[in-house]
file model_27.cif (mmCIF, C-alpha atoms, pLDDT in the B column; chains and numbers go by the auth columns)
data_start
#
loop_
_atom_site.group_PDB
_atom_site.id
_atom_site.type_symbol
_atom_site.label_atom_id
_atom_site.label_comp_id
_atom_site.label_asym_id
_atom_site.label_seq_id
_atom_site.Cartn_x
_atom_site.Cartn_y
_atom_site.Cartn_z
_atom_site.B_iso_or_equiv
_atom_site.auth_seq_id
_atom_site.auth_asym_id
ATOM 1 C CA MET A 1 8.898 -43.810 -22.813 47.00 1 A
ATOM 2 C CA MET A 2 6.204 -42.590 -25.218 49.00 2 A
ATOM 3 C CA ASP A 3 3.457 -40.277 -23.974 52.00 3 A
ATOM 4 C CA ASP A 4 0.743 -42.893 -24.541 55.00 4 A
ATOM 5 C CA GLU A 5 2.571 -45.743 -22.809 59.00 5 A
ATOM 6 C CA GLN A 6 1.320 -46.986 -19.466 61.00 6 A
ATOM 7 C CA VAL A 7 3.681 -46.993 -16.513 59.00 7 A
ATOM 8 C CA VAL A 8 3.545 -50.255 -14.604 62.00 8 A
ATOM 9 C CA GLU A 9 5.993 -49.305 -11.875 68.00 9 A
ATOM 10 C CA ILE A 10 7.672 -46.113 -10.729 67.00 10 A
ATOM 11 C CA SER A 11 10.394 -45.632 -8.166 73.00 11 A
ATOM 12 C CA SER A 12 9.994 -43.538 -5.045 68.00 12 A
ATOM 13 C CA GLU A 13 12.938 -41.408 -6.187 70.00 13 A
ATOM 14 C CA THR A 14 11.112 -40.467 -9.403 68.00 14 A
ATOM 15 C CA VAL A 15 8.076 -39.471 -7.353 64.00 15 A
ATOM 16 C CA ARG A 16 10.251 -37.403 -5.026 65.00 16 A
ATOM 17 C CA LEU A 17 11.970 -35.584 -7.885 63.00 17 A
ATOM 18 C CA THR A 18 8.653 -34.917 -9.613 62.00 18 A
ATOM 19 C CA LEU A 19 7.172 -33.423 -6.463 59.00 19 A
ATOM 20 C CA LYS A 20 10.329 -31.413 -5.786 58.00 20 A
ATOM 21 C CA ASN A 21 11.072 -30.078 -9.275 58.00 21 A
ATOM 22 C CA LYS A 22 7.605 -29.670 -10.775 60.00 22 A
ATOM 23 C CA LEU A 23 4.789 -29.565 -8.253 60.00 23 A
ATOM 24 C CA GLU A 24 6.619 -27.896 -5.319 64.00 24 A
ATOM 25 C CA PRO A 25 3.832 -28.719 -2.824 62.00 25 A
ATOM 26 C CA TRP A 26 5.510 -26.736 -0.052 59.00 26 A
ATOM 27 C CA PHE A 27 5.400 -23.483 -2.037 63.00 27 A
ATOM 28 C CA VAL A 28 2.381 -21.331 -1.193 64.00 28 A
ATOM 29 C CA LYS A 29 1.588 -17.783 -2.234 64.00 29 A
ATOM 30 C CA SER A 30 -0.613 -15.825 0.110 56.00 30 A
ATOM 31 C CA TRP A 31 -2.662 -12.740 -0.649 53.00 31 A
ATOM 32 C CA ARG A 32 -6.136 -11.378 -0.114 54.00 32 A
ATOM 33 C CA ILE A 33 -8.452 -12.824 -2.719 54.00 33 A
ATOM 34 C CA ALA A 34 -11.027 -10.245 -3.748 62.00 34 A
ATOM 35 C CA HIS A 35 -14.652 -10.893 -4.649 75.00 35 A
ATOM 36 C CA LEU A 36 -14.972 -9.132 -8.003 83.00 36 A
ATOM 37 C CA THR A 37 -18.458 -7.791 -7.509 87.00 37 A
ATOM 38 C CA PRO A 38 -19.983 -4.778 -9.336 89.00 38 A
ATOM 39 C CA GLU A 39 -19.112 -2.698 -6.261 89.00 39 A
ATOM 40 C CA PHE A 40 -15.462 -3.791 -6.487 91.00 40 A
ATOM 41 C CA LEU A 41 -15.272 -3.006 -10.210 93.00 41 A
ATOM 42 C CA ALA A 42 -16.900 0.397 -9.707 92.00 42 A
ATOM 43 C CA ALA A 43 -14.476 1.381 -6.931 93.00 43 A
ATOM 44 C CA MET A 44 -11.533 0.102 -8.987 94.00 44 A
ATOM 45 C CA GLU A 45 -12.539 2.151 -12.018 95.00 45 A
ATOM 46 C CA ARG A 46 -12.965 5.290 -9.900 95.00 46 A
ATOM 47 C CA ILE A 47 -9.401 4.884 -8.605 96.00 47 A
ATOM 48 C CA LEU A 48 -8.063 4.280 -12.127 96.00 48 A
ATOM 49 C CA ASP A 49 -9.876 7.396 -13.385 96.00 49 A
ATOM 50 C CA VAL A 50 -8.176 9.442 -10.681 96.00 50 A
ATOM 51 C CA TYR A 51 -4.779 8.006 -11.630 97.00 51 A
ATOM 52 C CA ALA A 52 -5.396 8.873 -15.295 95.00 52 A
ATOM 53 C CA ARG A 53 -5.890 12.593 -14.618 93.00 53 A
ATOM 54 C CA LEU A 54 -3.206 15.018 -15.675 93.00 54 A
ATOM 55 C CA TYR A 55 -1.033 16.457 -12.923 92.00 55 A
ATOM 56 C CA GLU A 56 -2.406 19.608 -11.315 90.00 56 A
ATOM 57 C CA ASN A 57 -0.337 21.543 -8.810 90.00 57 A
ATOM 58 C CA ALA A 58 -3.482 23.086 -7.343 93.00 58 A
ATOM 59 C CA ARG A 59 -5.114 19.657 -6.970 95.00 59 A
ATOM 60 C CA PRO A 60 -2.471 17.125 -5.926 96.00 60 A
ATOM 61 C CA LEU A 61 -3.097 13.391 -5.897 97.00 61 A
ATOM 62 C CA VAL A 62 -1.935 11.884 -2.596 98.00 62 A
ATOM 63 C CA CYS A 63 -1.928 8.162 -1.824 97.00 63 A
ATOM 64 C CA PHE A 64 -2.171 7.471 1.897 97.00 64 A
ATOM 65 C CA ASP A 65 -1.356 4.280 3.773 95.00 65 A
ATOM 66 C CA GLU A 66 -0.190 3.107 7.170 93.00 66 A
ATOM 67 C CA LYS A 67 2.134 0.425 8.478 90.00 67 A
ATOM 68 C CA PRO A 68 2.538 -0.965 12.016 89.00 68 A
ATOM 69 C CA ILE A 69 6.163 -1.149 13.142 87.00 69 A
ATOM 70 C CA VAL A 70 7.471 -3.429 15.891 84.00 70 A
ATOM 71 C CA LEU A 71 10.459 -1.961 17.741 84.00 71 A
ATOM 72 C CA HIS A 72 13.408 -4.240 18.623 77.00 72 A
ATOM 73 C CA SER A 73 16.854 -3.759 20.097 77.00 73 A
ATOM 74 C CA GLU A 74 19.903 -5.992 20.166 77.00 74 A
ATOM 75 C CA VAL A 75 20.715 -7.952 23.319 77.00 75 A
ATOM 76 C CA ARG A 76 24.322 -8.513 22.205 79.00 76 A
ATOM 77 C CA ALA A 77 26.564 -6.319 20.115 80.00 77 A
ATOM 78 C CA PRO A 78 26.651 -7.415 16.442 77.00 78 A
ATOM 79 C CA LEU A 79 29.890 -8.662 14.929 77.00 79 A
ATOM 80 C CA ALA A 80 31.164 -6.156 12.400 81.00 80 A
ATOM 81 C CA THR A 81 31.585 -6.915 8.716 83.00 81 A
ATOM 82 C CA LYS A 82 34.973 -8.381 7.809 81.00 82 A
ATOM 83 C CA LEU A 83 36.586 -9.400 4.564 84.00 83 A
ATOM 84 C CA GLY A 84 34.641 -12.422 3.356 80.00 84 A
ATOM 85 C CA LYS A 85 32.178 -12.292 6.258 80.00 85 A
ATOM 86 C CA PRO A 86 28.930 -10.316 6.467 82.00 86 A
ATOM 87 C CA LYS A 87 27.754 -8.506 9.562 78.00 87 A
ATOM 88 C CA ARG A 88 26.433 -11.029 12.073 77.00 88 A
ATOM 89 C CA VAL A 89 23.690 -10.409 14.627 78.00 89 A
ATOM 90 C CA ASP A 90 22.374 -12.582 17.417 72.00 90 A
ATOM 91 C CA TYR A 91 18.971 -14.129 16.751 75.00 91 A
ATOM 92 C CA GLU A 92 17.785 -12.978 20.191 77.00 92 A
ATOM 93 C CA TYR A 93 16.349 -9.483 20.572 73.00 93 A
ATOM 94 C CA LYS A 94 14.439 -7.330 23.033 81.00 94 A
ATOM 95 C CA ARG A 95 11.033 -5.983 22.065 78.00 95 A
ATOM 96 C CA HIS A 96 10.107 -2.376 22.872 79.00 96 A
ATOM 97 C CA GLY A 97 6.457 -2.235 21.869 83.00 97 A
ATOM 98 C CA SER A 98 5.212 -0.929 18.568 84.00 98 A
ATOM 99 C CA CYS A 99 4.238 2.243 16.746 87.00 99 A
ATOM 100 C CA ASN A 100 2.662 3.273 13.463 90.00 100 A
ATOM 101 C CA LEU A 101 3.909 4.869 10.267 91.00 101 A
ATOM 102 C CA PHE A 102 1.641 7.068 8.147 93.00 102 A
ATOM 103 C CA LEU A 103 2.806 7.617 4.573 95.00 103 A
ATOM 104 C CA PHE A 104 1.644 10.438 2.290 97.00 104 A
ATOM 105 C CA LEU A 105 2.782 9.821 -1.287 97.00 105 A
ATOM 106 C CA GLU A 106 2.326 12.194 -4.224 97.00 106 A
ATOM 107 C CA PRO A 107 3.378 9.746 -6.960 96.00 107 A
ATOM 108 C CA LYS A 108 3.245 12.080 -9.950 94.00 108 A
ATOM 109 C CA ALA A 109 5.340 14.780 -8.270 95.00 109 A
ATOM 110 C CA GLY A 110 7.814 12.393 -6.654 95.00 110 A
ATOM 111 C CA LYS A 111 7.099 13.573 -3.116 94.00 111 A
ATOM 112 C CA ARG A 112 6.555 11.535 -0.002 94.00 112 A
ATOM 113 C CA TYR A 113 6.165 12.419 3.662 94.00 113 A
ATOM 114 C CA THR A 114 6.128 10.163 6.697 90.00 114 A
ATOM 115 C CA LEU A 115 4.595 10.609 10.115 90.00 115 A
ATOM 116 C CA VAL A 116 5.310 8.346 13.101 88.00 116 A
ATOM 117 C CA THR A 117 2.500 7.976 15.653 89.00 117 A
ATOM 118 C CA PRO A 118 2.127 5.821 18.774 87.00 118 A
ATOM 119 C CA HIS A 119 -0.987 4.095 17.420 86.00 119 A
ATOM 120 C CA ARG A 120 -3.192 3.829 14.313 87.00 120 A
ATOM 121 C CA THR A 121 -6.503 4.798 15.881 91.00 121 A
ATOM 122 C CA LYS A 122 -9.308 6.966 14.521 93.00 122 A
ATOM 123 C CA GLN A 123 -7.814 9.925 16.379 95.00 123 A
ATOM 124 C CA ASP A 124 -4.352 9.359 14.883 94.00 124 A
ATOM 125 C CA TRP A 125 -5.892 9.225 11.402 95.00 125 A
ATOM 126 C CA ALA A 126 -7.920 12.403 12.000 96.00 126 A
ATOM 127 C CA TYR A 127 -4.813 14.331 13.041 96.00 127 A
ATOM 128 C CA ALA A 128 -2.965 12.923 10.020 96.00 128 A
ATOM 129 C CA MET A 129 -5.670 14.283 7.703 97.00 129 A
ATOM 130 C CA ARG A 130 -5.454 17.710 9.323 97.00 130 A
ATOM 131 C CA TYR A 131 -1.665 17.549 8.962 97.00 131 A
ATOM 132 C CA LEU A 132 -2.108 16.714 5.284 97.00 132 A
ATOM 133 C CA ALA A 133 -4.470 19.622 4.631 96.00 133 A
ATOM 134 C CA ASP A 134 -2.883 22.298 6.835 96.00 134 A
ATOM 135 C CA GLU A 135 0.827 21.489 6.835 96.00 135 A
ATOM 136 C CA LEU A 136 1.706 19.526 3.721 96.00 136 A
ATOM 137 C CA TYR A 137 -0.606 21.190 1.158 96.00 137 A
ATOM 138 C CA PRO A 138 -1.963 24.397 2.711 96.00 138 A
ATOM 139 C CA THR A 139 -2.415 26.180 -0.633 94.00 139 A
ATOM 140 C CA ALA A 140 -4.090 23.318 -2.521 95.00 140 A
ATOM 141 C CA LEU A 141 -7.657 23.981 -3.624 94.00 141 A
ATOM 142 C CA LYS A 142 -8.505 20.293 -3.269 96.00 142 A
ATOM 143 C CA ILE A 143 -6.496 17.153 -2.459 97.00 143 A
ATOM 144 C CA ASP A 144 -7.490 13.820 -3.995 97.00 144 A
ATOM 145 C CA VAL A 145 -6.710 11.226 -1.308 97.00 145 A
ATOM 146 C CA VAL A 146 -6.512 7.544 -2.251 97.00 146 A
ATOM 147 C CA LEU A 147 -6.789 5.375 0.864 96.00 147 A
ATOM 148 C CA ASP A 148 -7.971 2.004 2.102 93.00 148 A
ATOM 149 C CA ASN A 149 -11.582 1.563 3.114 89.00 149 A
ATOM 150 C CA LEU A 150 -11.038 1.071 6.861 89.00 150 A
ATOM 151 C CA ASN A 151 -13.560 1.872 9.584 89.00 151 A
ATOM 152 C CA THR A 152 -11.196 4.533 10.967 90.00 152 A
ATOM 153 C CA HIS A 153 -11.006 6.385 7.625 93.00 153 A
ATOM 154 C CA THR A 154 -14.309 8.241 7.671 92.00 154 A
ATOM 155 C CA ALA A 155 -15.599 11.796 7.646 94.00 155 A
ATOM 156 C CA GLU A 156 -17.612 10.882 10.741 94.00 156 A
ATOM 157 C CA GLY A 157 -14.325 10.178 12.511 93.00 157 A
ATOM 158 C CA LEU A 158 -13.113 13.708 11.788 95.00 158 A
ATOM 159 C CA ILE A 159 -16.371 15.120 13.171 96.00 159 A
ATOM 160 C CA GLU A 160 -16.068 12.962 16.274 95.00 160 A
ATOM 161 C CA ILE A 161 -12.494 14.102 16.975 96.00 161 A
ATOM 162 C CA PHE A 162 -12.605 17.786 15.969 96.00 162 A
ATOM 163 C CA GLY A 163 -16.258 18.745 16.006 96.00 163 A
ATOM 164 C CA LYS A 164 -18.468 19.579 13.046 95.00 164 A
ATOM 165 C CA ALA A 165 -17.100 23.025 12.164 96.00 165 A
ATOM 166 C CA GLU A 166 -13.412 22.045 12.178 97.00 166 A
ATOM 167 C CA ALA A 167 -14.102 18.742 10.420 96.00 167 A
ATOM 168 C CA GLU A 168 -16.008 20.519 7.634 96.00 168 A
ATOM 169 C CA ARG A 169 -13.114 22.950 7.212 97.00 169 A
ATOM 170 C CA ILE A 170 -10.672 20.051 6.777 97.00 170 A
ATOM 171 C CA LEU A 171 -13.032 18.064 4.538 96.00 171 A
ATOM 172 C CA ALA A 172 -13.456 21.059 2.252 96.00 172 A
ATOM 173 C CA HIS A 173 -9.836 20.493 1.166 96.00 173 A
ATOM 174 C CA LEU A 174 -10.046 16.701 0.808 97.00 174 A
ATOM 175 C CA GLU A 175 -11.783 14.309 -1.555 96.00 175 A
ATOM 176 C CA PHE A 176 -11.526 10.664 -0.529 97.00 176 A
ATOM 177 C CA HIS A 177 -11.198 7.838 -3.070 96.00 177 A
ATOM 178 C CA TYR A 178 -11.476 4.494 -1.294 96.00 178 A
ATOM 179 C CA THR A 179 -9.956 1.296 -2.639 95.00 179 A
ATOM 180 C CA PRO A 180 -12.402 -1.620 -2.816 92.00 180 A
ATOM 181 C CA LEU A 181 -12.431 -4.370 -0.194 87.00 181 A
ATOM 182 C CA HIS A 182 -9.324 -6.541 -0.690 87.00 182 A
ATOM 183 C CA GLY A 183 -8.199 -4.116 -3.384 88.00 183 A
ATOM 184 C CA SER A 184 -5.467 -2.286 -1.491 89.00 184 A
ATOM 185 C CA TRP A 185 -3.080 -3.186 -4.349 92.00 185 A
ATOM 186 C CA LEU A 186 -4.705 -0.249 -6.149 95.00 186 A
ATOM 187 C CA ASN A 187 -3.108 2.129 -3.648 96.00 187 A
ATOM 188 C CA MET A 188 0.294 3.293 -4.921 96.00 188 A
ATOM 189 C CA ALA A 189 1.372 4.015 -1.356 95.00 189 A
ATOM 190 C CA GLU A 190 1.764 0.237 -0.911 93.00 190 A
ATOM 191 C CA ILE A 191 4.555 0.303 -3.490 92.00 191 A
ATOM 192 C CA GLU A 192 6.398 2.971 -1.543 92.00 192 A
ATOM 193 C CA LEU A 193 5.898 1.123 1.751 90.00 193 A
ATOM 194 C CA SER A 194 7.496 -1.916 0.128 90.00 194 A
ATOM 195 C CA VAL A 195 10.521 0.231 -0.768 89.00 195 A
ATOM 196 C CA ILE A 196 10.692 1.494 2.825 85.00 196 A
ATOM 197 C CA ALA A 197 10.618 -2.058 4.163 84.00 197 A
ATOM 198 C CA ARG A 198 13.488 -3.128 1.904 86.00 198 A
ATOM 199 C CA GLN A 199 15.670 -0.069 2.434 83.00 199 A
ATOM 200 C CA CYS A 200 15.002 0.869 6.067 78.00 200 A
ATOM 201 C CA LEU A 201 13.595 -2.061 8.018 75.00 201 A
ATOM 202 C CA ARG A 202 16.213 -4.735 7.463 74.00 202 A
ATOM 203 C CA ARG A 203 17.782 -3.983 10.804 78.00 203 A
ATOM 204 C CA ARG A 204 16.453 -3.690 14.335 80.00 204 A
ATOM 205 C CA ILE A 205 15.232 -0.266 15.445 82.00 205 A
ATOM 206 C CA ALA A 206 14.714 0.218 19.162 83.00 206 A
ATOM 207 C CA ASP A 207 12.686 3.435 19.587 85.00 207 A
ATOM 208 C CA LYS A 208 10.342 5.858 17.832 85.00 208 A
ATOM 209 C CA PHE A 209 12.891 8.688 17.736 86.00 209 A
ATOM 210 C CA THR A 210 15.427 6.560 15.845 85.00 210 A
ATOM 211 C CA LEU A 211 12.660 5.370 13.550 84.00 211 A
ATOM 212 C CA ALA A 212 11.566 8.951 12.784 84.00 212 A
ATOM 213 C CA THR A 213 15.128 10.043 11.990 85.00 213 A
ATOM 214 C CA GLU A 214 15.531 7.010 9.731 82.00 214 A
ATOM 215 C CA TRP A 215 12.434 8.038 7.763 80.00 215 A
ATOM 216 C CA ILE A 216 13.702 11.602 7.388 85.00 216 A
ATOM 217 C CA ALA A 217 17.090 10.375 6.177 86.00 217 A
ATOM 218 C CA TRP A 218 15.300 8.100 3.708 86.00 218 A
ATOM 219 C CA GLU A 219 12.643 10.463 2.350 88.00 219 A
ATOM 220 C CA CYS A 220 14.766 13.602 1.854 91.00 220 A
ATOM 221 C CA PRO A 221 17.071 12.240 -0.891 92.00 221 A
ATOM 222 C CA ARG A 222 14.122 10.533 -2.624 92.00 222 A
ATOM 223 C CA ASN A 223 12.214 13.822 -2.657 93.00 223 A
ATOM 224 C CA GLU A 224 15.262 15.708 -3.922 94.00 224 A
ATOM 225 C CA ALA A 225 15.599 13.149 -6.726 94.00 225 A
ATOM 226 C CA CYS A 226 11.823 13.387 -7.464 93.00 226 A
ATOM 227 C CA VAL A 227 11.410 9.608 -7.507 93.00 227 A
ATOM 228 C CA THR A 228 8.008 9.121 -9.119 94.00 228 A
ATOM 229 C CA ILE A 229 5.772 6.103 -9.696 93.00 229 A
ATOM 230 C CA ARG A 230 4.438 5.433 -13.182 92.00 230 A
ATOM 231 C CA TRP A 231 1.137 3.617 -12.841 94.00 231 A
ATOM 232 C CA LYS A 232 0.545 1.591 -16.028 93.00 232 A
ATOM 233 C CA PHE A 233 -2.617 -0.370 -15.170 94.00 233 A
ATOM 234 C CA THR A 234 -5.432 1.571 -16.876 94.00 234 A
ATOM 235 C CA LYS A 235 -9.199 1.212 -16.913 93.00 235 A
ATOM 236 C CA GLN A 236 -8.924 -0.380 -20.351 93.00 236 A
ATOM 237 C CA ASP A 237 -6.462 -2.925 -18.939 94.00 237 A
ATOM 238 C CA ALA A 238 -8.862 -3.648 -16.079 93.00 238 A
ATOM 239 C CA ARG A 239 -11.753 -4.302 -18.461 92.00 239 A
ATOM 240 C CA ARG A 240 -9.576 -6.690 -20.450 92.00 240 A
ATOM 241 C CA VAL A 241 -8.119 -8.544 -17.451 91.00 241 A
ATOM 242 C CA PHE A 242 -11.422 -8.792 -15.558 90.00 242 A
ATOM 243 C CA ALA A 243 -13.657 -9.067 -18.638 89.00 243 A
ATOM 244 C CA LYS A 244 -15.501 -12.162 -17.422 88.00 244 A
ATOM 245 C CA TYR A 245 -16.566 -10.377 -14.229 88.00 245 A
ATOM 246 C CA TYR A 246 -18.342 -7.551 -16.036 86.00 246 A
ATOM 247 C CA PRO A 247 -22.062 -8.187 -16.651 73.00 247 A
ATOM 248 C CA ASP A 248 -21.752 -7.637 -20.395 64.00 248 A
ATOM 249 C CA PRO A 249 -18.713 -6.890 -22.587 52.00 249 A
ATOM 250 C CA GLN A 250 -20.684 -4.084 -24.242 53.00 250 A
ATOM 251 C CA PHE A 251 -21.307 -2.322 -20.935 50.00 251 A
ATOM 252 C CA HIS A 252 -19.178 -0.578 -18.384 50.00 252 A
ATOM 253 C CA ASN A 253 -19.653 0.424 -14.780 47.00 253 A
ATOM 254 C CA VAL A 254 -20.632 3.996 -13.944 45.00 254 A
ATOM 255 C CA GLY A 255 -21.553 3.580 -10.310 45.00 255 A
ATOM 256 C CA ALA A 256 -21.662 1.187 -7.406 40.00 256 A
ATOM 257 C CA LEU A 257 -24.687 -0.607 -8.838 40.00 257 A
ATOM 258 C CA GLY A 258 -25.515 1.049 -12.161 46.00 258 A
ATOM 259 C CA TRP A 259 -24.331 0.053 -15.627 47.00 259 A
ATOM 260 C CA ALA A 260 -24.532 2.033 -18.846 45.00 260 A
ATOM 261 C CA PRO A 261 -23.538 1.513 -22.489 38.00 261 A
ATOM 262 C CA ALA A 262 -19.868 2.118 -23.251 41.00 262 A
ATOM 263 C CA VAL A 263 -19.128 5.309 -25.161 35.00 263 A
#

call {"tool": "encode", "arguments": {"input": "model_27.cif", "output": "structure tokens"}}
result
Amino acid sequence: MMDDEQVVEISSETVRLTLKNKLEPWFVKSWRIAHLTPEFLAAMERILDVYARLYENARPLVCFDEKPIVLHSEVRAPLATKLGKPKRVDYEYKRHGSCNLFLFLEPKAGKRYTLVTPHRTKQDWAYAMRYLADELYPTALKIDVVLDNLNTHTAEGLIEIFGKAEAERILAHLEFHYTPLHGSWLNMAEIELSVIARQCLRRRIADKFTLATEWIAWECPRNEACVTIRWKFTKQDARRVFAKYYPDPQFHNVGALGWAPAV
């Protein structure tokens, strides 16, 4: 049949195959769709500027993220792997509540540290920030922290939990760089959490102690091997990809609301 010919009749099988092989109506991709406002572009460029800095031992770049973990145990013993047969587990399980994983990732140095907490509240986050400043990088002059813009991730939260004097001491060592709303893909810690999910969470874990030991067994060899992340998406790439969202191709963002000529 030529492209310009009219089709008078078509079989149901042809329709089915077309829907199945070409349109795939059942296939849906789901993600958070961002509103690319000037505020989003400004926050994105600030993160990309931080990523573009040269590595400084005295000023480490740390990407921070968190992940809720649901704890499960088996109700029946799994069947062991045999020749030609994979390990088999019963689809039933017993739930043992949940906990939270905090991840501190220094992508340019190939270091990562995990912290398991009962919850992911403002208090848990405040103690995680003190742990970051006092335990993980006690000699750093300043720590650039890339994190999601959640209502628990605020300087006010540190003041509320520790008091003004202690909060100011901790904040003196930290500089927060927030990802824009629906822009958590800019946080490199999400990449590492994806690796954790693939390598550690494909089996049922029943309690927080086992979970914590799993993280230690996972992070130690990766730290010894200095597994780094090479971030390739630059500010120049962003201006090319999102060009139509910038007010004018001749201008670039220098603040949340201000625009200035490109230099």

call {"tool": "closest_residue", "arguments": {"input": "model_27.cif", "among": "A:Ala155, A:Val241, A:Ile69, A:Val75", "to": "Thr117 (chain A)", "atoms": "only C-alpha atoms"}}
result
A:Ile69

call {"tool": "residues_around", "arguments": {"input": "model_27.cif", "residues": "Ile205 (chain A)", "least_positions_apart": "5", "cutoff": "9 Å", "atoms": "all atoms listed in the file", "output": "list in words"}}
result
Val70, Leu71, His72, Ser73, Glu74, Thr210 and Leu211 of chain A

call {"tool": "resolve_selection", "arguments": {"input": "model_27.cif", "expression": "the PyMOL selection byres ((chain A and resi 45) around 9)", "output": "VMD selection string"}}
result
chain A and resid 40 to 44 46 to 50 234 to 235 238 253 to 254

call {"tool": "resolve_selection", "arguments": {"input": "model_27.cif", "expression": "the PyMOL selection byres ((chain A and resi 63) around 7)", "output": "ChimeraX atom specification"}}
result
/A:61-62,64-65,104-106,145-147,187-189

call {"tool": "atom_distance", "arguments": {"input": "model_27.cif", "atom1": "CA of Leu193 (chain A)", "atom2": "CA of Cys226 (chain A)"}}
result
16.4 Å

call {"tool": "axis_aligned_box", "arguments": {"input": "model_27.cif", "around": "region 222-229 of chain A", "padding_each_side": "3 Å", "output": "JSON"}}
result
{"center_x": 10.7, "center_y": 10.9, "center_z": -6.2, "size_x": 15.8, "size_y": 15.6, "size_z": 13.1}

call {"tool": "residues_around", "arguments": {"input": "model_27.cif", "residues": "Ala126 (chain A)", "least_positions_apart": "6", "cutoff": "12 Å", "atoms": "all atoms listed in the file", "output": "list in words"}}
result
Phe102, Thr117, Arg120, Leu132, Ala133, Thr152, His153, Thr154, Ala155, Glu156, Gly157, Leu158, Ile159, Glu160, Ile161, Phe162, Gly163, Glu166, Ala167, Ile170 and Leu171 of chain A

call {"tool": "closest_residue", "arguments": {"input": "model_27.cif", "among": "A:Ala225, A:Ala197, A:Ala128, A:Ala109", "to": "Glu56 (chain A)", "atoms": "all atoms listed in the file"}}
result
A:Ala109

call {"tool": "closest_residue", "arguments": {"input": "model_27.cif", "among": "A:Pro138, A:Pro86, A:Gly110, A:Gly183", "to": "Ala58 (chain A)", "atoms": "only C-alpha atoms"}}
result
A:Pro138

call {"tool": "decode", "arguments": {"input": "model_27.cif", "residues": "region 59-73 of chain A", "atoms": "C-alpha atoms", "output": "PDB file, in the first residue's frame"}}
result
ATOM      1  CA  ARG A  59      36.126  22.555  51.592  1.00  0.00           C
ATOM      2  CA  PRO A  60      34.512  19.235  50.661  1.00  0.00           C
ATOM      3  CA  LEU A  61      31.382  18.992  48.544  1.00  0.00           C
ATOM      4  CA  VAL A  62      28.864  16.646  50.178  1.00  0.00           C
ATOM      5  CA  CYS A  63      25.567  15.604  48.597  1.00  0.00           C
ATOM      6  CA  PHE A  64      22.980  14.630  51.193  1.00  0.00           C
ATOM      7  CA  ASP A  65      19.788  12.639  50.728  1.00  0.00           C
ATOM      8  CA  GLU A  66      17.480  10.335  52.636  1.00  0.00           C
ATOM      9  CA  LYS A  67      15.500   7.206  51.860  1.00  0.00           C
ATOM     10  CA  PRO A  68      12.689   5.526  53.831  1.00  0.00           C
ATOM     11  CA  ILE A  69      13.191   1.782  54.250  1.00  0.00           C
ATOM     12  CA  VAL A  70      10.414  -0.715  54.970  1.00  0.00           C
ATOM     13  CA  LEU A  71      11.599  -3.704  57.010  1.00  0.00           C
ATOM     14  CA  HIS A  72      10.371  -7.208  56.068  1.00  0.00           C
ATOM     15  CA  SER A  73      11.145 -10.737  57.177  1.00  0.00           C
TER      16      SER A  73
END
